[in-house]
Each structure stands twice: as C-alpha cells, then as structure tokens.
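Worksheet for the structure shown next.
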Amino acid sequence: IFTIIVPLLTMSSSMESGDGWSQTARAYSSDSIIQIPNHFAAVAARMLLQDFPADGAVRFLDIAAGTGTLTAEVLKALNEEQRSGSSFDVTDFSPGMVATAESEIAKLDVENKVSKKFQVMDGQALAFPEHSFSHIGCQFGVMFFPDRQKGFSEMYRVLQLDGTAVILTWHYTDNLPLLLELSSYLQIPNLEPIVAAMNKVMSACGEPADFEAELEEVGFRDITVTKVERVFSLANNEELFLGFATNPAMKAFIGGEDKFNEWQEFLRTVGSKWLNEEGRLCLKFVANIALAKK
C-alpha cells in the first residue's frame, strides 16, 4: 500500500507546488516545446480580441500564465493605438514561471509600449478588486487548481461587466499514451495511481459541455467552447526530453532527468512509431478554447 500511495501523493503535491513548476520553467520555454502553447495561445488571442474596438485600451490579466505565451500573443495581436493605453498583469503561483515569463516578454519589441506587472499569485485567490479587467486569459492552468470553481469565481469577480475571458483546457493529448509506452519500456512500477491522477487532470473541463456548464455556474454568459486540433512535429533533443522529465505532471513516467539516453533508445526501438522520417517527435494535441462574457 505504501509504495502505491506515495507516488500519487508526490505527484499531487508536486503539481500543486509552485516550486515544482519552477523547476520546469526553463525547459518549458525551450524552442522545441514552446510551439505547442504558442499555437493555441495565438488562436486564443485572436478569439479574445476579435470584437474589441481598434482604438480601445486593454486591461488584461493572465492567470496561471506559465512562461507567458498567452500574454505574448495578446500583446502581438494589439495594434499601436491599443498598446499605448493598455496594461497587463501577468500572474502564476510559481516564482520560476513568473521570472521566465518576464524574461520572455522582455524580448518582444512591443513590450515597452504596454504597462506590465509580473506577480506570484494564486489563481484561486486573486489580489485584485472586483471589475478590474476588460480581458482575462488562463491557458492550461485551471485543470491543476485544487478548487477549480473557486478559480472560475475569481476570474468572474475581477472581470469587468461585458468583459471577456478566454480559458484553455485539454480535450486530448498524445502525452499519456507516449509516456505509458515509455514507462513500460523502462519498467517503472506502481504507476496506476499516477495514471489516475493524470487522467483526472486531463478530464477537468475536458468535454466542451462540462466546461460550459462549469463556467455558467459561476455566472458567465455567451459561452462558446471550440475544439482546436493540431499534430506537432518536435525536435527530438534534450530540451524536449527535459520538458517531459521536469514536468510535475509527467516526470514520474520517466524516472529521472538522467534518462535521456534511455529515452532515445526507446524512440529508436519500440517507440519508433512516434518519430517521422526526419526523426522528429510527432504528437497530437486537441485543446478546448472557451470564450465567455460577464
């Protein structure tokens, strides 16, 4: 019993720990893996701003911002007039993610034209008054909230009347099938409770109807949930490997950051179906992108 329960407790506490996510911040913003959140962030940013006046000013809050990919895409989507009067608050409960987000956003040419603040903050307890923001975003963060409804309620509370929120969750990813095959190859034991925990994370608002119902429950209106699918071709390098091996939700399947050679051996042999002819890792991701008004 001890050996089964401990991995689950370790995984759960790691996913809910800011320090756990800080460890993966650098790998998460590497060139090989960043194209995944970048793609969905670009789609979400266009949806978020599609009806916004060309001369309007955005008051944007990014919750569970990670490395700042959604913030970056929203910044890039603004025109010159919108940027001049806009302000952004970028938050995450992981200090490492906040630091990486600030560093990544600083590389954008547009960044100096927009007022920005980067803060360590829990998305379930936002330190802002009611009706503070015209736009809110949260990309692949709510499924890790211990109290998801509290997180949604906080988003609703700080959003202005007629404001818009865009929230992303996963409908499907190839991550779990890949990791299950890898862990079997590596003969890592006692993964059943960890698989259950990961399935629980993936099922959080995984179905569009459930996602819509949870948003409606806290008061959101005019809700649409769009499924967006893409197969990504990723450079099979050590940065990509570390993106898996340091991720609190996935690292238990790998057995350590020193398993890069075993990872490559797996992909050359029983896991070769995951590679294309160019030796790149091909994975399918399907995101739910919810757009909602207050």
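Going by the structure tokens order, chains are called A, B, ..., each with residues numbered from 1, while ligands are numbered from 1 in the order shown.
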Let's see if you can do this: from backbone DSSP, list all helix (DSSP H, G or I) residues in range 27-257 of chain A, as number ranges by chain.
A: 27-28, 35-49, 69-77, 80-84, 95-105, 109-113, 142-144, 148-158, 175-186, 192-203, 208-217, 238-245, 251-253
Set the distance at 8 Å and use only C-alpha atoms: which residues neighbour range 124-136 of chain A once local chain neighbours fewer than 2 positions away are removed? I'd like the list as number ranges by chain.
A: 48, 58-63, 121-122, 138, 145, 147-148, 150-152, 154-155, 157-166
Contacts of range 63-171 of chain A with range 216-221 of chain A up to 8 Å, shortest pair per row, only C-alpha atoms, as a tab-separated table:
residue	atom	partner	partner_atom	distance
A:Gln149	CA	A:Val218	CA	7.5
A:Phe152	CA	A:Val218	CA	6.8
A:Ser153	CA	A:Val218	CA	5.6
A:Tyr156	CA	A:Phe220	CA	7.0
Residue selection dump (N, CA and C atoms) as a PDB file, in the first residue's frame:
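And here is the file that came out, out-v9.pdb:
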ATOM      1  N   GLN A 149     -13.695  25.579  -9.250  1.00  0.00           N
ATOM      2  CA  GLN A 149     -14.811  26.529  -9.204  1.00  0.00           C
ATOM      3  C   GLN A 149     -14.416  27.824  -8.506  1.00  0.00           C
ATOM      4  N   PHE A 152     -12.634  29.790 -11.171  1.00  0.00           N
ATOM      5  CA  PHE A 152     -13.578  30.403 -12.106  1.00  0.00           C
ATOM      6  C   PHE A 152     -14.306  31.580 -11.453  1.00  0.00           C
ATOM      7  N   SER A 153     -14.679  31.421 -10.187  1.00  0.00           N
ATOM      8  CA  SER A 153     -15.366  32.505  -9.475  1.00  0.00           C
ATOM      9  C   SER A 153     -14.481  33.735  -9.351  1.00  0.00           C
ATOM     10  N   TYR A 156     -14.366  35.527 -12.647  1.00  0.00           N
ATOM     11  CA  TYR A 156     -15.613  36.268 -12.849  1.00  0.00           C
ATOM     12  C   TYR A 156     -15.637  37.522 -11.986  1.00  0.00           C
TER      13      TYR A 156
END
Wanna dump the range 163-253 of chain A-range 258-276 of chain A contacts at 10 Å for me, each residue with its shortest atom pair and the distance in Å to one decimal, counting only C-alpha atoms, ordered by chain and number, as a Markdown table?
| residue | atom | partner | partner_atom | distance |
| --- | --- | --- | --- | --- |
| A:Asp174 | CA | A:Trp274 | CA | 9.7 |
| A:Leu178 | CA | A:Trp274 | CA | 7.8 |
| A:Glu181 | CA | A:Gly271 | CA | 7.3 |
| A:Leu182 | CA | A:Phe266 | CA | 6.8 |
| A:Ser183 | CA | A:Phe266 | CA | 9.8 |
| A:Tyr185 | CA | A:Phe266 | CA | 7.0 |
| A:Leu186 | CA | A:Glu262 | CA | 7.8 |
| A:Ser233 | CA | A:Asn276 | CA | 8.2 |
| A:Leu234 | CA | A:Leu275 | CA | 9.2 |
| A:Ala235 | CA | A:Leu275 | CA | 9.9 |
| A:Asn236 | CA | A:Gln264 | CA | 8.4 |
| A:Asn237 | CA | A:Phe260 | CA | 8.9 |
| A:Glu238 | CA | A:Phe260 | CA | 6.8 |
| A:Glu239 | CA | A:Phe260 | CA | 9.9 |
| A:Leu240 | CA | A:Phe260 | CA | 9.9 |
| A:Phe241 | CA | A:Phe260 | CA | 6.7 |
| A:Leu242 | CA | A:Phe260 | CA | 8.3 |
| A:Ala245 | CA | A:Lys259 | CA | 8.4 |
Test item: residues at most 9 Å from range 43-47 of chain A, only C-alpha atoms, excluding those fewer than 6 positions along its chain, as a PDB file with N, CA, C and O atoms, in the first residue's frame:
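Final output, around_18.pdb:
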ATOM      1  N   LEU A  70       0.564  33.148 -23.627  1.00  0.00           N
ATOM      2  CA  LEU A  70      -0.691  33.811 -23.966  1.00  0.00           C
ATOM      3  C   LEU A  70      -0.538  35.325 -23.899  1.00  0.00           C
ATOM      4  O   LEU A  70      -1.011  36.052 -24.785  1.00  0.00           O
ATOM      5  N   THR A  71       0.137  35.822 -22.877  1.00  0.00           N
ATOM      6  CA  THR A  71       0.408  37.258 -22.784  1.00  0.00           C
ATOM      7  C   THR A  71       1.126  37.752 -24.029  1.00  0.00           C
ATOM      8  O   THR A  71       0.775  38.796 -24.600  1.00  0.00           O
ATOM      9  N   GLU A  73       1.128  36.531 -27.064  1.00  0.00           N
ATOM     10  CA  GLU A  73       0.275  36.537 -28.256  1.00  0.00           C
ATOM     11  C   GLU A  73      -0.772  37.649 -28.197  1.00  0.00           C
ATOM     12  O   GLU A  73      -1.115  38.235 -29.223  1.00  0.00           O
ATOM     13  N   VAL A  74      -1.287  37.937 -27.002  1.00  0.00           N
ATOM     14  CA  VAL A  74      -2.229  39.050 -26.874  1.00  0.00           C
ATOM     15  C   VAL A  74      -1.519  40.367 -27.171  1.00  0.00           C
ATOM     16  O   VAL A  74      -2.044  41.243 -27.870  1.00  0.00           O
ATOM     17  N   LEU A  75      -0.307  40.525 -26.653  1.00  0.00           N
ATOM     18  CA  LEU A  75       0.479  41.728 -26.952  1.00  0.00           C
ATOM     19  C   LEU A  75       0.676  41.903 -28.448  1.00  0.00           C
ATOM     20  O   LEU A  75       0.492  42.999 -29.004  1.00  0.00           O
ATOM     21  N   LYS A  76       1.040  40.826 -29.124  1.00  0.00           N
ATOM     22  CA  LYS A  76       1.301  40.897 -30.559  1.00  0.00           C
ATOM     23  C   LYS A  76       0.030  41.170 -31.362  1.00  0.00           C
ATOM     24  O   LYS A  76       0.101  41.722 -32.467  1.00  0.00           O
ATOM     25  N   ALA A  77      -1.128  40.802 -30.815  1.00  0.00           N
ATOM     26  CA  ALA A  77      -2.383  40.991 -31.533  1.00  0.00           C
ATOM     27  C   ALA A  77      -2.913  42.420 -31.447  1.00  0.00           C
ATOM     28  O   ALA A  77      -3.805  42.803 -32.203  1.00  0.00           O
ATOM     29  N   GLY A 137      -7.250  35.927 -19.349  1.00  0.00           N
ATOM     30  CA  GLY A 137      -6.854  34.692 -20.010  1.00  0.00           C
ATOM     31  C   GLY A 137      -6.274  33.700 -19.024  1.00  0.00           C
ATOM     32  O   GLY A 137      -5.660  34.078 -18.023  1.00  0.00           O
ATOM     33  N   GLN A 139      -4.403  29.872 -19.704  1.00  0.00           N
ATOM     34  CA  GLN A 139      -4.067  28.826 -20.677  1.00  0.00           C
ATOM     35  C   GLN A 139      -3.532  27.583 -19.971  1.00  0.00           C
ATOM     36  O   GLN A 139      -2.449  27.611 -19.382  1.00  0.00           O
ATOM     37  N   VAL A 166     -10.929  34.252 -21.886  1.00  0.00           N
ATOM     38  CA  VAL A 166     -10.594  33.097 -22.718  1.00  0.00           C
ATOM     39  C   VAL A 166      -9.834  32.108 -21.835  1.00  0.00           C
ATOM     40  O   VAL A 166      -8.880  32.470 -21.145  1.00  0.00           O
ATOM     41  N   ILE A 167     -10.300  30.863 -21.809  1.00  0.00           N
ATOM     42  CA  ILE A 167      -9.764  29.848 -20.901  1.00  0.00           C
ATOM     43  C   ILE A 167      -9.529  28.571 -21.708  1.00  0.00           C
ATOM     44  O   ILE A 167     -10.411  28.132 -22.453  1.00  0.00           O
ATOM     45  N   LEU A 168      -8.355  27.982 -21.552  1.00  0.00           N
ATOM     46  CA  LEU A 168      -7.990  26.805 -22.329  1.00  0.00           C
ATOM     47  C   LEU A 168      -7.781  25.597 -21.431  1.00  0.00           C
ATOM     48  O   LEU A 168      -7.156  25.698 -20.364  1.00  0.00           O
ATOM     49  N   VAL A 228      -9.797  22.811 -30.855  1.00  0.00           N
ATOM     50  CA  VAL A 228      -8.753  23.125 -31.837  1.00  0.00           C
ATOM     51  C   VAL A 228      -7.721  22.004 -31.803  1.00  0.00           C
ATOM     52  O   VAL A 228      -7.156  21.705 -30.754  1.00  0.00           O
ATOM     53  N   ILE A 289     -10.998  25.681 -26.225  1.00  0.00           N
ATOM     54  CA  ILE A 289     -10.821  27.118 -26.004  1.00  0.00           C
ATOM     55  C   ILE A 289     -12.198  27.722 -25.723  1.00  0.00           C
ATOM     56  O   ILE A 289     -13.055  27.775 -26.605  1.00  0.00           O
ATOM     57  N   ALA A 290     -12.393  28.120 -24.466  1.00  0.00           N
ATOM     58  CA  ALA A 290     -13.668  28.704 -24.051  1.00  0.00           C
ATOM     59  C   ALA A 290     -13.589  30.218 -24.083  1.00  0.00           C
ATOM     60  O   ALA A 290     -12.618  30.822 -23.605  1.00  0.00           O
ATOM     61  N   LEU A 291     -14.607  30.821 -24.651  1.00  0.00           N
ATOM     62  CA  LEU A 291     -14.752  32.278 -24.654  1.00  0.00           C
ATOM     63  C   LEU A 291     -16.039  32.604 -23.909  1.00  0.00           C
ATOM     64  O   LEU A 291     -17.083  31.998 -24.169  1.00  0.00           O
TER      65      LEU A 291
END
Record the distance separating CA of Val120 in chain A and CA of Val142 in chain A, expressed in Å with one decimal.
16.0 Å
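Comparing the minimum interatomic distances between Asn247 in chain A and each of A:Leu215, A:Glu278, A:Asn175, A:Ile223, counting only C-alpha atoms, we find that A:Asn175 sits nearest.
For Glu104 in chain A, the set of protein, DNA and RNA residues having any atom at most 9 Å away, when counting only C-alpha atoms and skipping those fewer than 2 positions along the same chain, is Ser29, Thr67, Gly68, Thr69, Ala72, Ala99, Thr100, Ala101, Glu102, Ala106, Lys107 and Leu108 of chain A.
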I need the chosen residues saved as a tab-separated table (two decimals), in the first residue's frame, with all heavy atoms.
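Here's the written file result_19.tsv:
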chain	number	residue	atom	x	y	z
A	29	SER	N	10.12	26.63	-21.77
A	29	SER	CA	10.19	27.73	-22.73
A	29	SER	C	11.24	27.47	-23.80
A	29	SER	O	11.65	28.37	-24.50
A	29	SER	CB	10.51	29.05	-22.01
A	29	SER	OG	11.77	28.96	-21.38
A	67	THR	N	4.98	30.46	-18.79
A	67	THR	CA	6.09	31.23	-19.35
A	67	THR	C	5.64	32.44	-20.15
A	67	THR	O	6.45	33.06	-20.83
A	67	THR	CB	6.99	30.33	-20.22
A	67	THR	OG1	6.20	29.78	-21.27
A	67	THR	CG2	7.60	29.22	-19.39
A	68	GLY	N	4.34	32.77	-20.08
A	68	GLY	CA	3.85	34.00	-20.69
A	68	GLY	C	3.47	33.90	-22.14
A	68	GLY	O	3.36	34.92	-22.83
A	69	THR	N	3.20	32.70	-22.63
A	69	THR	CA	2.90	32.55	-24.06
A	69	THR	C	1.60	33.24	-24.46
A	69	THR	O	1.53	33.86	-25.52
A	69	THR	CB	2.84	31.07	-24.46
A	69	THR	OG1	1.93	30.38	-23.60
A	69	THR	CG2	4.19	30.42	-24.35
A	72	ALA	N	2.14	37.01	-24.48
A	72	ALA	CA	2.90	37.41	-25.66
A	72	ALA	C	2.02	37.50	-26.90
A	72	ALA	O	2.12	38.46	-27.69
A	72	ALA	CB	4.05	36.42	-25.90
A	99	ALA	N	9.26	34.51	-13.33
A	99	ALA	CA	10.56	35.05	-13.76
A	99	ALA	C	10.81	34.75	-15.23
A	99	ALA	O	11.30	35.62	-15.98
A	99	ALA	CB	11.67	34.47	-12.89
A	100	THR	N	10.48	33.54	-15.67
A	100	THR	CA	10.67	33.18	-17.08
A	100	THR	C	9.75	33.99	-17.97
A	100	THR	O	10.15	34.46	-19.04
A	100	THR	CB	10.44	31.68	-17.29
A	100	THR	OG1	11.33	30.94	-16.45
A	100	THR	CG2	10.68	31.29	-18.73
A	101	ALA	N	8.49	34.17	-17.55
A	101	ALA	CA	7.55	34.97	-18.32
A	101	ALA	C	8.05	36.39	-18.50
A	101	ALA	O	8.01	36.95	-19.61
A	101	ALA	CB	6.18	34.98	-17.65
A	102	GLU	N	8.56	36.98	-17.43
A	102	GLU	CA	9.06	38.36	-17.52
A	102	GLU	C	10.25	38.44	-18.49
A	102	GLU	O	10.34	39.38	-19.30
A	102	GLU	CB	9.47	38.86	-16.14
A	102	GLU	CG	9.85	40.32	-16.12
A	102	GLU	CD	9.91	40.92	-14.73
A	102	GLU	OE1	9.81	40.15	-13.74
A	102	GLU	OE2	10.06	42.15	-14.63
A	106	ALA	N	10.09	40.36	-22.20
A	106	ALA	CA	11.04	41.45	-22.41
A	106	ALA	C	11.70	41.38	-23.77
A	106	ALA	O	12.22	42.39	-24.28
A	106	ALA	CB	12.10	41.43	-21.31
A	107	LYS	N	11.68	40.21	-24.41
A	107	LYS	CA	12.29	40.05	-25.73
A	107	LYS	C	11.43	40.61	-26.86
A	107	LYS	O	11.90	40.75	-27.99
A	107	LYS	CB	12.57	38.57	-26.00
A	107	LYS	CG	13.54	37.93	-25.02
A	107	LYS	CD	13.64	36.43	-25.25
A	107	LYS	CE	14.53	35.76	-24.22
A	107	LYS	NZ	14.57	34.29	-24.40
A	108	LEU	N	10.16	40.90	-26.56
A	108	LEU	CA	9.24	41.37	-27.60
A	108	LEU	C	9.45	42.86	-27.85
A	108	LEU	O	9.56	43.66	-26.93
A	108	LEU	CB	7.79	41.12	-27.19
A	108	LEU	CG	7.36	39.66	-27.04
A	108	LEU	CD1	5.93	39.60	-26.52
A	108	LEU	CD2	7.48	38.92	-28.35
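Here CA of Trp170 in chain A is placed at a distance of 17.3 Å from CA of Cys282 in chain A.
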Can you list, as an mmCIF file with N, CA and C atoms, in the first residue's frame, all residues belonging to range 92-293 of chain A that DSSP tags as strand (DSSP E or B)?
data_model
loop_
_atom_site.group_PDB
_atom_site.id
_atom_site.type_symbol
_atom_site.label_atom_id
_atom_site.label_comp_id
_atom_site.auth_asym_id
_atom_site.auth_seq_id
_atom_site.Cartn_x
_atom_site.Cartn_y
_atom_site.Cartn_z
ATOM 1 N N ASP A 92 1.295 33.950 -11.844
ATOM 2 C CA ASP A 92 1.404 32.499 -11.740
ATOM 3 C C ASP A 92 1.800 32.189 -10.302
ATOM 4 N N SER A 115 2.113 48.910 -20.358
ATOM 5 C CA SER A 115 2.391 48.789 -18.924
ATOM 6 C C SER A 115 2.165 47.350 -18.491
ATOM 7 N N LYS A 116 3.156 46.780 -17.770
ATOM 8 C CA LYS A 116 3.050 45.384 -17.355
ATOM 9 C C LYS A 116 3.503 45.210 -15.916
ATOM 10 N N LYS A 117 2.888 44.239 -15.265
ATOM 11 C CA LYS A 117 3.276 43.873 -13.902
ATOM 12 C C LYS A 117 3.285 42.358 -13.813
ATOM 13 N N PHE A 118 4.379 41.789 -13.264
ATOM 14 C CA PHE A 118 4.532 40.348 -13.111
ATOM 15 C C PHE A 118 4.508 40.018 -11.620
ATOM 16 N N GLN A 119 3.604 39.099 -11.242
ATOM 17 C CA GLN A 119 3.427 38.813 -9.823
ATOM 18 C C GLN A 119 3.219 37.321 -9.578
ATOM 19 N N VAL A 120 3.776 36.843 -8.457
ATOM 20 C CA VAL A 120 3.459 35.497 -7.987
ATOM 21 C C VAL A 120 2.099 35.566 -7.292
ATOM 22 N N PHE A 133 -10.609 44.118 -14.760
ATOM 23 C CA PHE A 133 -10.011 43.805 -16.053
ATOM 24 C C PHE A 133 -11.048 43.705 -17.166
ATOM 25 N N SER A 134 -10.669 44.232 -18.332
ATOM 26 C CA SER A 134 -11.538 44.108 -19.503
ATOM 27 C C SER A 134 -11.411 42.731 -20.141
ATOM 28 N N HIS A 135 -10.238 42.112 -19.994
ATOM 29 C CA HIS A 135 -9.962 40.812 -20.602
ATOM 30 C C HIS A 135 -9.153 39.948 -19.629
ATOM 31 N N ILE A 136 -9.487 38.664 -19.594
ATOM 32 C CA ILE A 136 -8.773 37.700 -18.750
ATOM 33 C C ILE A 136 -8.430 36.481 -19.596
ATOM 34 N N GLY A 137 -7.250 35.927 -19.349
ATOM 35 C CA GLY A 137 -6.854 34.692 -20.010
ATOM 36 C C GLY A 137 -6.274 33.700 -19.024
ATOM 37 N N CYS A 138 -6.481 32.413 -19.305
ATOM 38 C CA CYS A 138 -5.872 31.351 -18.494
ATOM 39 C C CYS A 138 -5.659 30.155 -19.417
ATOM 40 N N GLN A 139 -4.403 29.872 -19.704
ATOM 41 C CA GLN A 139 -4.067 28.826 -20.677
ATOM 42 C C GLN A 139 -3.532 27.583 -19.971
ATOM 43 N N LEU A 159 -13.369 40.377 -13.419
ATOM 44 C CA LEU A 159 -13.662 40.791 -14.793
ATOM 45 C C LEU A 159 -14.688 41.919 -14.789
ATOM 46 N N GLN A 160 -14.501 42.899 -15.656
ATOM 47 C CA GLN A 160 -15.445 43.997 -15.780
ATOM 48 C C GLN A 160 -16.749 43.519 -16.406
ATOM 49 N N LEU A 161 -17.829 44.230 -16.157
ATOM 50 C CA LEU A 161 -19.092 43.949 -16.837
ATOM 51 C C LEU A 161 -18.884 44.068 -18.336
ATOM 52 N N ASP A 162 -19.402 43.102 -19.076
ATOM 53 C CA ASP A 162 -19.207 42.993 -20.527
ATOM 54 C C ASP A 162 -17.773 42.639 -20.900
ATOM 55 N N GLY A 163 -16.933 42.324 -19.912
ATOM 56 C CA GLY A 163 -15.578 41.876 -20.194
ATOM 57 C C GLY A 163 -15.574 40.458 -20.738
ATOM 58 N N THR A 164 -14.426 40.060 -21.287
ATOM 59 C CA THR A 164 -14.301 38.759 -21.956
ATOM 60 C C THR A 164 -13.172 37.950 -21.349
ATOM 61 N N ALA A 165 -13.433 36.672 -21.144
ATOM 62 C CA ALA A 165 -12.409 35.738 -20.667
ATOM 63 C C ALA A 165 -12.186 34.653 -21.708
ATOM 64 N N VAL A 166 -10.929 34.252 -21.886
ATOM 65 C CA VAL A 166 -10.594 33.097 -22.718
ATOM 66 C C VAL A 166 -9.834 32.108 -21.835
ATOM 67 N N ILE A 167 -10.300 30.863 -21.809
ATOM 68 C CA ILE A 167 -9.764 29.848 -20.901
ATOM 69 C C ILE A 167 -9.529 28.571 -21.708
ATOM 70 N N LEU A 168 -8.355 27.982 -21.552
ATOM 71 C CA LEU A 168 -7.990 26.805 -22.329
ATOM 72 C C LEU A 168 -7.781 25.597 -21.431
ATOM 73 N N THR A 169 -8.308 24.453 -21.870
ATOM 74 C CA THR A 169 -8.043 23.162 -21.227
ATOM 75 C C THR A 169 -7.721 22.160 -22.333
ATOM 76 N N TRP A 170 -7.323 20.971 -21.928
ATOM 77 C CA TRP A 170 -7.043 19.916 -22.907
ATOM 78 C C TRP A 170 -8.254 19.021 -23.097
ATOM 79 N N HIS A 171 -8.550 18.710 -24.339
ATOM 80 C CA HIS A 171 -9.528 17.675 -24.658
ATOM 81 C C HIS A 171 -8.818 16.342 -24.849
ATOM 82 N N TYR A 172 -7.645 16.403 -25.489
ATOM 83 C CA TYR A 172 -6.846 15.193 -25.696
ATOM 84 C C TYR A 172 -5.397 15.598 -25.979
ATOM 85 N N THR A 173 -4.441 14.787 -25.497
ATOM 86 C CA THR A 173 -3.053 14.911 -25.943
ATOM 87 C C THR A 173 -2.465 13.510 -26.070
ATOM 88 N N ARG A 221 -21.691 34.239 -19.196
ATOM 89 C CA ARG A 221 -22.740 34.142 -20.214
ATOM 90 C C ARG A 221 -22.100 34.125 -21.602
ATOM 91 N N ASP A 222 -22.917 33.904 -22.620
ATOM 92 C CA ASP A 222 -22.465 33.893 -24.019
ATOM 93 C C ASP A 222 -21.205 33.030 -24.178
ATOM 94 N N ILE A 223 -21.289 31.820 -23.649
ATOM 95 C CA ILE A 223 -20.128 30.926 -23.609
ATOM 96 C C ILE A 223 -20.059 30.094 -24.882
ATOM 97 N N THR A 224 -18.888 30.060 -25.481
ATOM 98 C CA THR A 224 -18.634 29.126 -26.582
ATOM 99 C C THR A 224 -17.357 28.346 -26.253
ATOM 100 N N VAL A 225 -17.363 27.063 -26.584
ATOM 101 C CA VAL A 225 -16.175 26.234 -26.389
ATOM 102 C C VAL A 225 -15.820 25.613 -27.736
ATOM 103 N N THR A 226 -14.633 25.925 -28.222
ATOM 104 C CA THR A 226 -14.175 25.467 -29.533
ATOM 105 C C THR A 226 -13.038 24.479 -29.369
ATOM 106 N N LYS A 227 -13.138 23.338 -30.058
ATOM 107 C CA LYS A 227 -12.040 22.372 -30.057
ATOM 108 C C LYS A 227 -11.073 22.714 -31.195
ATOM 109 N N VAL A 228 -9.797 22.811 -30.855
ATOM 110 C CA VAL A 228 -8.753 23.125 -31.837
ATOM 111 C C VAL A 228 -7.721 22.004 -31.803
ATOM 112 N N GLU A 229 -7.473 21.387 -32.962
ATOM 113 C CA GLU A 229 -6.596 20.217 -33.047
ATOM 114 C C GLU A 229 -5.386 20.501 -33.925
ATOM 115 N N ARG A 230 -4.235 19.954 -33.530
ATOM 116 C CA ARG A 230 -3.039 20.066 -34.357
ATOM 117 C C ARG A 230 -2.055 18.950 -33.999
ATOM 118 N N VAL A 231 -1.373 18.429 -35.022
ATOM 119 C CA VAL A 231 -0.270 17.498 -34.820
ATOM 120 C C VAL A 231 1.024 18.299 -34.927
ATOM 121 N N PHE A 232 1.855 18.201 -33.890
ATOM 122 C CA PHE A 232 3.098 18.963 -33.823
ATOM 123 C C PHE A 232 4.291 18.066 -34.143
ATOM 124 N N SER A 233 5.232 18.618 -34.879
ATOM 125 C CA SER A 233 6.493 17.956 -35.176
ATOM 126 C C SER A 233 7.574 18.626 -34.337
ATOM 127 N N LEU A 234 8.130 17.891 -33.367
ATOM 128 C CA LEU A 234 9.019 18.471 -32.368
ATOM 129 C C LEU A 234 10.435 17.926 -32.507
ATOM 130 N N LEU A 275 8.105 8.776 -34.136
ATOM 131 C CA LEU A 275 9.015 9.609 -34.921
ATOM 132 C C LEU A 275 8.630 9.592 -36.394
ATOM 133 N N LEU A 281 9.704 14.081 -33.264
ATOM 134 C CA LEU A 281 8.608 13.511 -32.481
ATOM 135 C C LEU A 281 7.292 14.144 -32.919
ATOM 136 N N CYS A 282 6.311 13.315 -33.276
ATOM 137 C CA CYS A 282 5.018 13.809 -33.764
ATOM 138 C C CYS A 282 3.921 13.473 -32.753
ATOM 139 N N LEU A 283 3.289 14.508 -32.207
ATOM 140 C CA LEU A 283 2.273 14.335 -31.173
ATOM 141 C C LEU A 283 1.041 15.160 -31.498
ATOM 142 N N LYS A 284 -0.122 14.563 -31.244
ATOM 143 C CA LYS A 284 -1.390 15.264 -31.477
ATOM 144 C C LYS A 284 -1.899 15.883 -30.182
ATOM 145 N N PHE A 285 -2.366 17.123 -30.293
ATOM 146 C CA PHE A 285 -2.954 17.836 -29.168
ATOM 147 C C PHE A 285 -4.289 18.428 -29.605
ATOM 148 N N VAL A 286 -5.302 18.284 -28.761
ATOM 149 C CA VAL A 286 -6.615 18.888 -29.007
ATOM 150 C C VAL A 286 -6.973 19.740 -27.795
ATOM 151 N N ALA A 287 -7.125 21.032 -28.017
ATOM 152 C CA ALA A 287 -7.428 21.965 -26.930
ATOM 153 C C ALA A 287 -8.890 22.389 -26.976
ATOM 154 N N ASN A 288 -9.466 22.628 -25.811
ATOM 155 C CA ASN A 288 -10.749 23.319 -25.689
ATOM 156 C C ASN A 288 -10.450 24.805 -25.400
ATOM 157 N N ILE A 289 -10.998 25.681 -26.225
ATOM 158 C CA ILE A 289 -10.821 27.118 -26.004
ATOM 159 C C ILE A 289 -12.198 27.722 -25.723
ATOM 160 N N ALA A 290 -12.393 28.120 -24.466
ATOM 161 C CA ALA A 290 -13.668 28.704 -24.051
ATOM 162 C C ALA A 290 -13.589 30.218 -24.083
ATOM 163 N N LEU A 291 -14.607 30.821 -24.651
ATOM 164 C CA LEU A 291 -14.752 32.278 -24.654
ATOM 165 C C LEU A 291 -16.039 32.604 -23.909
ATOM 166 N N ALA A 292 -15.959 33.521 -22.951
ATOM 167 C CA ALA A 292 -17.123 33.793 -22.095
ATOM 168 C C ALA A 292 -17.170 35.273 -21.713
ATOM 169 N N LYS A 293 -18.385 35.761 -21.522
ATOM 170 C CA LYS A 293 -18.596 37.157 -21.155
ATOM 171 C C LYS A 293 -19.176 37.250 -19.741
#
For Ser94 in chain A, the nearest of the candidates A:Leu180, A:Leu191, A:Ala64, A:Met143, counting only C-alpha atoms:
A:Ala64
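Proximity of A:Asn199, A:Leu176, A:Lys251, A:Val114 to Ser87 in chain A, computed with only C-alpha atoms, is greatest for A:Val114.
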Which distance in Å separates CA of Asp51 in chain A and CA of Glu81 in chain A, to one decimal?
15.5 Å
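Closest approach to Phe40 in chain A from the set A:Val90, A:Glu192, A:Ala57, A:Phe140 is made by A:Phe140, with distances taken over only C-alpha atoms.
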